[in-house]
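Trainee: Starting off with a structure, shown below.
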Amino acid sequence: MSTTPPIEDFEVHMPDDLDVEHCYRHPDRETGVRCANCGRPICHECMVPAAVGFRCPECMAEQRRASGRPHVVSRQQTRSRWQRSATTGGGSGWSVTKALVAINVAVFLIEIVTGAGSLSLTGAGSGVELHRMGSLAPYDVLVSHQYWRMVTVMFLHLDIIHIGFNMYALWILGQYVEGILGHVKFLVLYLISGLAGSVLIVYAAPMFGQTVGASGAIFGIFGALALYAFINRNRDFASRAILGQIVFLLILNLVLTFGLGGISWQGHVGGLVGGTALMGGYMLLGRKHPGGRFTNGDIVVTVAALALIAALTFWRVQTFTLASFIPWL
């Protein structure tokens, strides 16, 4: 008669002398994987699949430069990029998006104190005070040459509903685009989009009608994000998934822009065109990742956009005459 040997209990534990390693690019992340080339520890986001094991982004970039191989982005890297953009604006701590929201809110509080803005859901503040603070009417630029209003108009709002909707959209969309472009490029895109909206206001808005709001710059962010997702729609799943949502929201806002009264379609359309065109310039030649430091091409695109805005404004001012607006003069 055979007997079954007793089952022994095994104690499983980690060695006491095991060193916990952290990713060299993300010190807060523990990892057990090292770059197959340089040996540095890398986390899941930094792992780039190689012929043998994984490599860090720097080693893989060096290999691509030497071999001329195309840039490859893993699905996990793409997912992490979009998630990071949506939650942190491309980094922890401060962000341009948060700063812009804070500035707009602070200016609105000043409007409340001076009477230019209103906390009421049914009424507006003083038009005289609003104009004194920097609202934009074509007359101000064409006749009075107050070009500074083309910038200040981006930071003024009529009432609590106006600033509420705009700041909510800026908070959500701004963090995505800032995560894609980085802090400086995002700020440049925001301001140029707003200026493009101001240019169309000077061309097409009623001569003495006052315009205020950050909507032009926000529509520029809308267009930039939609174009980025469209260009990358066949390159990663996240871009394809978000494209439909952005296009739907953009079309909805355009319908409201033209369907409701009292909304500056000139600012919205001008900002949309400006932001989309600038993102297109930054992604010239099919670049998937327009973020990071300014390249020579980025500088050329930015300067060209500002030069075009200045040229269009100058042309409008030079060709405008009061006689064309008031026939009896």
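Just remember, in the structure tokens the first chain shown is A, the second B, etc., residues are 1-based per chain, and ligands are 1-based in the order shown.
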So that I can check the surroundings of region 114-130 of chain A, please list as a list in words every protein, DNA and RNA residue that reaches within 8 Å of it, counting only C-alpha atoms and ignoring chain neighbours fewer than 4 positions away.

Mentor: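 My reading of the contact set: Phe108, Ile110, Gly134, Ser135, His157, Leu158, Asp159, Ile160 and Ile161 of chain A.
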
Trainee: Please write the residues from the selection above to a file, keeping C-alpha atoms, as a PDB file, in the first residue's frame.

Mentor:
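The new file part_4.pdb reads:
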```pdb
ATOM      1  CA  PHE A 108     -15.439  89.404 -14.661  1.00  0.00           C
ATOM      2  CA  ILE A 110     -13.964  93.592 -11.788  1.00  0.00           C
ATOM      3  CA  GLY A 134     -12.303  97.159 -23.651  1.00  0.00           C
ATOM      4  CA  SER A 135     -15.220  95.780 -25.665  1.00  0.00           C
ATOM      5  CA  HIS A 157     -18.132  88.792 -20.673  1.00  0.00           C
ATOM      6  CA  LEU A 158     -21.682  90.085 -20.431  1.00  0.00           C
ATOM      7  CA  ASP A 159     -23.120  88.063 -17.547  1.00  0.00           C
ATOM      8  CA  ILE A 160     -22.780  84.949 -15.417  1.00  0.00           C
ATOM      9  CA  ILE A 161     -24.263  82.651 -18.085  1.00  0.00           C
TER      10      ILE A 161
END
```

Trainee: Using backbone DSSP assignments, extract all alpha helix (DSSP H) residues from region 119-326 of chain A; output them as a VMD selection string.

Mentor: chain A and resid 127 to 133 138 to 142 149 to 152 160 to 181 183 to 204 215 to 231 237 to 259 265 to 282 296 to 319 322 to 325

Trainee: Counting only C-alpha atoms, figure out which residue out of A:His268, A:Arg34, A:His183, A:Arg233 gets nearest to Ser198 (chain A).

Mentor: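 Going through A:His268, A:Arg34, A:His183, A:Arg233 one by one, the smallest distance to Ser198 (chain A) is for A:His268.
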
Trainee: When you look at Val317 (chain A) with a cut-off of 12 Å (counting only C-alpha atoms), what residues show up, excluding the ones that are within fewer than 2 positions of it in the same chain? I need them as a PyMOL selection string.

Mentor: chain A and resi 138-147+199+202-203+310-315+319-322

Trainee: Restrict the selected residues to C-alpha atoms and save them as a PDB file, in the first residue's frame.

Mentor:
```
ATOM      1  CA  PRO A 138     -15.483  97.992 -35.674  1.00  0.00           C
ATOM      2  CA  TYR A 139     -15.697 101.778 -35.266  1.00  0.00           C
ATOM      3  CA  ASP A 140     -13.118 101.602 -32.436  1.00  0.00           C
ATOM      4  CA  VAL A 141     -10.506 100.145 -34.781  1.00  0.00           C
ATOM      5  CA  LEU A 142     -11.421 101.694 -38.125  1.00  0.00           C
ATOM      6  CA  VAL A 143     -11.891 105.268 -36.940  1.00  0.00           C
ATOM      7  CA  SER A 144     -10.379 105.556 -33.443  1.00  0.00           C
ATOM      8  CA  HIS A 145      -7.489 103.141 -34.141  1.00  0.00           C
ATOM      9  CA  GLN A 146      -7.893 101.473 -30.759  1.00  0.00           C
ATOM     10  CA  TYR A 147      -6.263  98.204 -31.790  1.00  0.00           C
ATOM     11  CA  VAL A 199     -10.341  90.634 -37.427  1.00  0.00           C
ATOM     12  CA  VAL A 202     -13.795  94.434 -37.711  1.00  0.00           C
ATOM     13  CA  TYR A 203     -14.665  93.334 -41.257  1.00  0.00           C
ATOM     14  CA  ALA A 310      -1.783  92.523 -39.064  1.00  0.00           C
ATOM     15  CA  ALA A 311      -2.000  92.808 -42.863  1.00  0.00           C
ATOM     16  CA  LEU A 312      -5.752  92.127 -42.949  1.00  0.00           C
ATOM     17  CA  THR A 313      -6.353  94.680 -40.192  1.00  0.00           C
ATOM     18  CA  PHE A 314      -4.185  97.275 -41.948  1.00  0.00           C
ATOM     19  CA  TRP A 315      -5.967  96.674 -45.258  1.00  0.00           C
ATOM     20  CA  THR A 319      -9.713 100.940 -47.364  1.00  0.00           C
ATOM     21  CA  PHE A 320     -12.441 102.053 -44.951  1.00  0.00           C
ATOM     22  CA  THR A 321     -14.027 105.475 -45.297  1.00  0.00           C
ATOM     23  CA  LEU A 322     -16.908 106.975 -43.364  1.00  0.00           C
TER      24      LEU A 322
END
```

Trainee: What is the distance, in Å and to one decimal place, between CA of Asp298 (chain A) and CA of Asn234 (chain A)?

Mentor: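 Separating CA of Asp298 (chain A) from CA of Asn234 (chain A) is a distance of 24.0 Å.
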